[in-house]
Amino acid sequence: MRRAQPALAALIALAACAATVIPARNEAIQADRNDPVIRVALATSAPGAAIGATGSWRVYAADAKTLLYRPSARDSWQFEAVGGRIRGVAASGMNMAARSGGVVLRPVEPDAFMVFNGKRYRGEIVIAPAGEALLVINRLGLESYLRGVVPLEIGRRLEPEIAAVKAQAVAARSYAHTRIRTSLGRPFDVVGTVANQVYGGADAETSMTDIAISETRGVALHYAGLPVDGPYHASCGGRTAAAGEVFLGSPDRPYLRSVSDRIPGSDGHYCDIYARSAWTRMLDASEINASLERYLRDHVSGIRGGVGRAMAIDEAGRTGSGRLAGLRIRTDRGSHVVRGNGMRFVIRPSNGEILPSTYFSARSVRRANGDLERVTLTGRGNGHGVGMCQWGAIGRARAGQSWESILQTYFPGTRLETLY
Ligand SMILES: [Zn+2]
């Protein structure tokens, strides 16, 4: 999970215009279960949506009660945005006249799936106009949602690693539950990408991750008696980060403090098994100039006109866990300091990838005339570094630690309690 805060804010702002036409959470689809419904945005500005199902299905109005159409199992529809409204065209030739509200698409049989752009989804699909495009949301129970998240977030794991899979299930549940509680009034709770948690629907499910989810059903992290989120990242590089080191201005959360991933009695770390833990990026002056011109304004204020030509890129202190606190960027037009996770977004190679972590050192090489020639970044870890280290959890599982112990290591002071 790599949460790109600016991108997420933009998505929410974009989708907010559709808030008035999105039906509220539908209680019907959780009738026989106690888990809450989560609304997962599958697309926030799609020009169209190809919809089918693995059985007969129904098209309802936005109230999720007024039946509009009864497509058969083989019937596929194309929904399109037309002037701020939504139109449906069935392969069978049936047309749904343009509507200003959204539609709710639901399979008839409880074990059938809706299909969107060729992928199967549990629960129901909601489509609503969002400006000149479509917002496509999958509404389903939280436990069903996790079945499409955990395998993509922790990868294919072996039986001796199941403790890491269970820890991942609890962290993902805790994160999603927090999103549900804090997104009231918004058209969806999460997006199905790295901006929140990667979600692949029913096609992503595996029997091992299903077992890990059902054996931890409803369990979430609690702190001081309240449920809390459980952020995680691929690899901490040896020591996790306190939330405030990378997420600037984030409230003080004592359970998100820096934790060592060192294996007792050795120089190694539990996450050293991650092959790409150590990384190097070499950027020449033209890449740096292009990157600063494109991204620097998103992370510092007060830049008018061009950013200028890079003269030097220097380290601006270290955080408590040893991460870089900031980058001092000097150009021929000014000097700026970028702090926290924003550093990963400002200096990018020409392929546009963000830096793996903020756990790095920077070395500048200058030409004889004082111009910047290149910068070499040498780092460890992958992701923001806060909360659970996924590769560390896998290493700990291999070493025989329980999922409860893994979670209580990475989220110190928390308790594991059942939400429902
Ligand atoms: Zn680690």
# chains A, B, ... in the order shown; residues from 1 in each chain; ligands from 1
$ residues_near_ligand --ligand "ligand 1" --cutoff "8 Å" --atoms "only C-alpha atoms and all ligand atoms" --output "ChimeraX atom specification"
/A:234-240,260-261,269-272,381,388-393
$ residues_around --residues "stretch 202-217 of chain A" --least-positions-apart "2" --cutoff "8 Å" --atoms "only C-alpha atoms" --output "JSON, numbers by chain"
{"A": [119, 120, 121, 122, 143, 146, 147, 148, 149, 150, 151, 152, 162, 165, 166, 169, 170, 199, 200, 219, 418]}
$ write_last_selection --atoms "N, CA and C atoms" --output "PDB file, in the first residue's frame"
ATOM      1  N   LYS A 119     -13.907  -8.254 -15.133  1.00  0.00           N
ATOM      2  CA  LYS A 119     -13.532  -8.802 -13.827  1.00  0.00           C
ATOM      3  C   LYS A 119     -14.780  -9.044 -12.988  1.00  0.00           C
ATOM      4  N   ARG A 120     -14.769 -10.143 -12.216  1.00  0.00           N
ATOM      5  CA  ARG A 120     -15.934 -10.506 -11.396  1.00  0.00           C
ATOM      6  C   ARG A 120     -15.875  -9.840 -10.023  1.00  0.00           C
ATOM      7  N   TYR A 121     -17.034  -9.365  -9.574  1.00  0.00           N
ATOM      8  CA  TYR A 121     -17.109  -8.699  -8.264  1.00  0.00           C
ATOM      9  C   TYR A 121     -18.261  -9.252  -7.439  1.00  0.00           C
ATOM     10  N   ARG A 122     -18.024  -9.454  -6.151  1.00  0.00           N
ATOM     11  CA  ARG A 122     -19.093  -9.799  -5.218  1.00  0.00           C
ATOM     12  C   ARG A 122     -19.936  -8.557  -4.946  1.00  0.00           C
ATOM     13  N   GLU A 143     -15.899  -8.065   4.827  1.00  0.00           N
ATOM     14  CA  GLU A 143     -15.145  -9.326   4.777  1.00  0.00           C
ATOM     15  C   GLU A 143     -14.967  -9.813   3.335  1.00  0.00           C
ATOM     16  N   LEU A 146     -12.235  -7.792   1.691  1.00  0.00           N
ATOM     17  CA  LEU A 146     -10.877  -8.200   2.084  1.00  0.00           C
ATOM     18  C   LEU A 146     -10.383  -9.382   1.253  1.00  0.00           C
ATOM     19  N   ARG A 147     -11.307 -10.252   0.822  1.00  0.00           N
ATOM     20  CA  ARG A 147     -10.910 -11.415   0.015  1.00  0.00           C
ATOM     21  C   ARG A 147     -10.282 -10.988  -1.313  1.00  0.00           C
ATOM     22  N   GLY A 148     -10.645  -9.789  -1.793  1.00  0.00           N
ATOM     23  CA  GLY A 148     -10.057  -9.276  -3.035  1.00  0.00           C
ATOM     24  C   GLY A 148      -8.871  -8.350  -2.798  1.00  0.00           C
ATOM     25  N   VAL A 149      -8.547  -8.086  -1.521  1.00  0.00           N
ATOM     26  CA  VAL A 149      -7.446  -7.175  -1.174  1.00  0.00           C
ATOM     27  C   VAL A 149      -6.210  -7.933  -0.674  1.00  0.00           C
ATOM     28  N   VAL A 150      -6.426  -8.825   0.302  1.00  0.00           N
ATOM     29  CA  VAL A 150      -5.287  -9.451   1.004  1.00  0.00           C
ATOM     30  C   VAL A 150      -4.340 -10.181   0.040  1.00  0.00           C
ATOM     31  N   PRO A 151      -4.850 -10.970  -0.944  1.00  0.00           N
ATOM     32  CA  PRO A 151      -3.903 -11.665  -1.832  1.00  0.00           C
ATOM     33  C   PRO A 151      -3.056 -10.702  -2.661  1.00  0.00           C
ATOM     34  N   LEU A 152      -3.614  -9.537  -3.016  1.00  0.00           N
ATOM     35  CA  LEU A 152      -2.842  -8.602  -3.836  1.00  0.00           C
ATOM     36  C   LEU A 152      -1.873  -7.791  -2.989  1.00  0.00           C
ATOM     37  N   ILE A 162       1.596 -18.254   7.029  1.00  0.00           N
ATOM     38  CA  ILE A 162       0.189 -17.853   7.192  1.00  0.00           C
ATOM     39  C   ILE A 162       0.000 -16.813   8.292  1.00  0.00           C
ATOM     40  N   VAL A 165      -0.034 -13.577   6.681  1.00  0.00           N
ATOM     41  CA  VAL A 165      -1.265 -13.350   5.920  1.00  0.00           C
ATOM     42  C   VAL A 165      -2.387 -12.928   6.865  1.00  0.00           C
ATOM     43  N   LYS A 166      -2.447 -13.566   8.040  1.00  0.00           N
ATOM     44  CA  LYS A 166      -3.472 -13.177   9.020  1.00  0.00           C
ATOM     45  C   LYS A 166      -3.217 -11.759   9.540  1.00  0.00           C
ATOM     46  N   ALA A 169      -4.428  -9.467   6.965  1.00  0.00           N
ATOM     47  CA  ALA A 169      -5.898  -9.388   6.944  1.00  0.00           C
ATOM     48  C   ALA A 169      -6.386  -8.411   8.012  1.00  0.00           C
ATOM     49  N   VAL A 170      -5.811  -8.486   9.210  1.00  0.00           N
ATOM     50  CA  VAL A 170      -6.241  -7.603  10.301  1.00  0.00           C
ATOM     51  C   VAL A 170      -5.862  -6.148   9.997  1.00  0.00           C
ATOM     52  N   TYR A 199      -7.278  -3.697  -4.903  1.00  0.00           N
ATOM     53  CA  TYR A 199      -8.452  -4.574  -4.827  1.00  0.00           C
ATOM     54  C   TYR A 199      -8.709  -5.176  -6.197  1.00  0.00           C
ATOM     55  N   GLY A 200      -8.799  -6.498  -6.262  1.00  0.00           N
ATOM     56  CA  GLY A 200      -8.969  -7.158  -7.547  1.00  0.00           C
ATOM     57  C   GLY A 200     -10.279  -7.892  -7.697  1.00  0.00           C
ATOM     58  N   VAL A 219     -11.761  -9.163  13.403  1.00  0.00           N
ATOM     59  CA  VAL A 219     -10.720  -8.690  14.338  1.00  0.00           C
ATOM     60  C   VAL A 219     -10.039  -7.445  13.760  1.00  0.00           C
ATOM     61  N   THR A 418     -12.745  -7.734  18.466  1.00  0.00           N
ATOM     62  CA  THR A 418     -13.647  -8.072  17.377  1.00  0.00           C
ATOM     63  C   THR A 418     -14.657  -6.952  17.167  1.00  0.00           C
TER      64      THR A 418
END
$ atom_distance --atom1 "atom CA of A:Ile137" --atom2 "atom CA of A:Ile125"
5.6 Å
$ select_by_dssp --residues "stretch 232-270 of chain A" --states "helix (DSSP H, G or I)" --output "ChimeraX atom specification"
/A:243-246,270
$ write_last_selection --atoms "N, CA and C atoms" --output "CSV table (one decimal), in the first residue's frame"
chain,number,residue,atom,x,y,z
A,243,ALA,N,4.6,7.9,12.5
A,243,ALA,CA,3.7,8.5,11.5
A,243,ALA,C,4.1,9.9,11.2
A,244,GLY,N,4.5,10.7,12.2
A,244,GLY,CA,4.8,12.1,12.1
A,244,GLY,C,6.1,12.3,11.2
A,245,GLU,N,6.9,11.3,11.1
A,245,GLU,CA,8.2,11.5,10.3
A,245,GLU,C,7.9,11.6,8.8
A,246,VAL,N,6.8,10.9,8.4
A,246,VAL,CA,6.6,10.9,6.9
A,246,VAL,C,5.3,11.6,6.5
A,270,TYR,N,14.3,-8.7,9.9
A,270,TYR,CA,13.3,-9.6,9.4
A,270,TYR,C,13.0,-9.4,7.9
$ closest_residue --among "A:Arg304, A:His299, A:Lys65, A:Arg366" --to "A:Arg339" --atoms "only C-alpha atoms"
A:His299
$ closest_residue --among "A:Val104, A:Leu377, A:Ile313, A:Leu256" --to "A:Ser361" --atoms "only C-alpha atoms"
A:Leu377
$ closest_residue --among "A:Val108, A:Ala362, A:Leu355, A:Leu407" --to "A:Asn382" --atoms "only C-alpha atoms"
A:Leu355
$ select_by_dssp --residues "stretch 205-240 of chain A" --states "strand (DSSP E)" --output "PDB file with N, CA and C atoms, in the first residue's frame"
ATOM      1  N   VAL A 219     -11.761  -9.163  13.403  1.00  0.00           N
ATOM      2  CA  VAL A 219     -10.720  -8.690  14.338  1.00  0.00           C
ATOM      3  C   VAL A 219     -10.039  -7.445  13.760  1.00  0.00           C
ATOM      4  N   ALA A 220      -9.918  -6.420  14.591  1.00  0.00           N
ATOM      5  CA  ALA A 220      -9.259  -5.184  14.166  1.00  0.00           C
ATOM      6  C   ALA A 220      -8.420  -4.641  15.311  1.00  0.00           C
ATOM      7  N   LEU A 221      -7.474  -3.779  14.959  1.00  0.00           N
ATOM      8  CA  LEU A 221      -6.620  -3.131  15.957  1.00  0.00           C
ATOM      9  C   LEU A 221      -7.433  -2.102  16.728  1.00  0.00           C
ATOM     10  N   HIS A 222      -7.233  -2.083  18.046  1.00  0.00           N
ATOM     11  CA  HIS A 222      -7.871  -1.068  18.889  1.00  0.00           C
ATOM     12  C   HIS A 222      -6.795  -0.399  19.731  1.00  0.00           C
ATOM     13  N   TYR A 223      -6.969   0.879  19.968  1.00  0.00           N
ATOM     14  CA  TYR A 223      -6.060   1.594  20.860  1.00  0.00           C
ATOM     15  C   TYR A 223      -6.912   2.438  21.804  1.00  0.00           C
ATOM     16  N   LEU A 226     -10.635   2.136  21.280  1.00  0.00           N
ATOM     17  CA  LEU A 226     -11.289   2.511  20.016  1.00  0.00           C
ATOM     18  C   LEU A 226     -10.607   1.822  18.837  1.00  0.00           C
ATOM     19  N   PRO A 227     -11.388   1.454  17.789  1.00  0.00           N
ATOM     20  CA  PRO A 227     -10.748   0.878  16.601  1.00  0.00           C
ATOM     21  C   PRO A 227      -9.864   1.914  15.908  1.00  0.00           C
ATOM     22  N   TYR A 232       0.384  -0.015   6.498  1.00  0.00           N
ATOM     23  CA  TYR A 232       1.460  -0.976   6.245  1.00  0.00           C
ATOM     24  C   TYR A 232       2.195  -0.582   4.985  1.00  0.00           C
ATOM     25  N   HIS A 233       3.331  -1.211   4.771  1.00  0.00           N
ATOM     26  CA  HIS A 233       4.190  -0.874   3.637  1.00  0.00           C
ATOM     27  C   HIS A 233       5.013  -2.114   3.305  1.00  0.00           C
TER      28      HIS A 233
END
$ closest_residue --among "A:Phe113, A:Tyr145, A:Tyr60, A:Tyr69" --to "A:Gln197" --atoms "only C-alpha atoms"
A:Tyr145
$ atom_distance --atom1 "atom CA of A:Arg328" --atom2 "atom CA of A:Ser258"
24.2 Å
$ atom_distance --atom1 "atom CA of A:Ala90" --atom2 "atom CA of A:Ser76"
5.9 Å
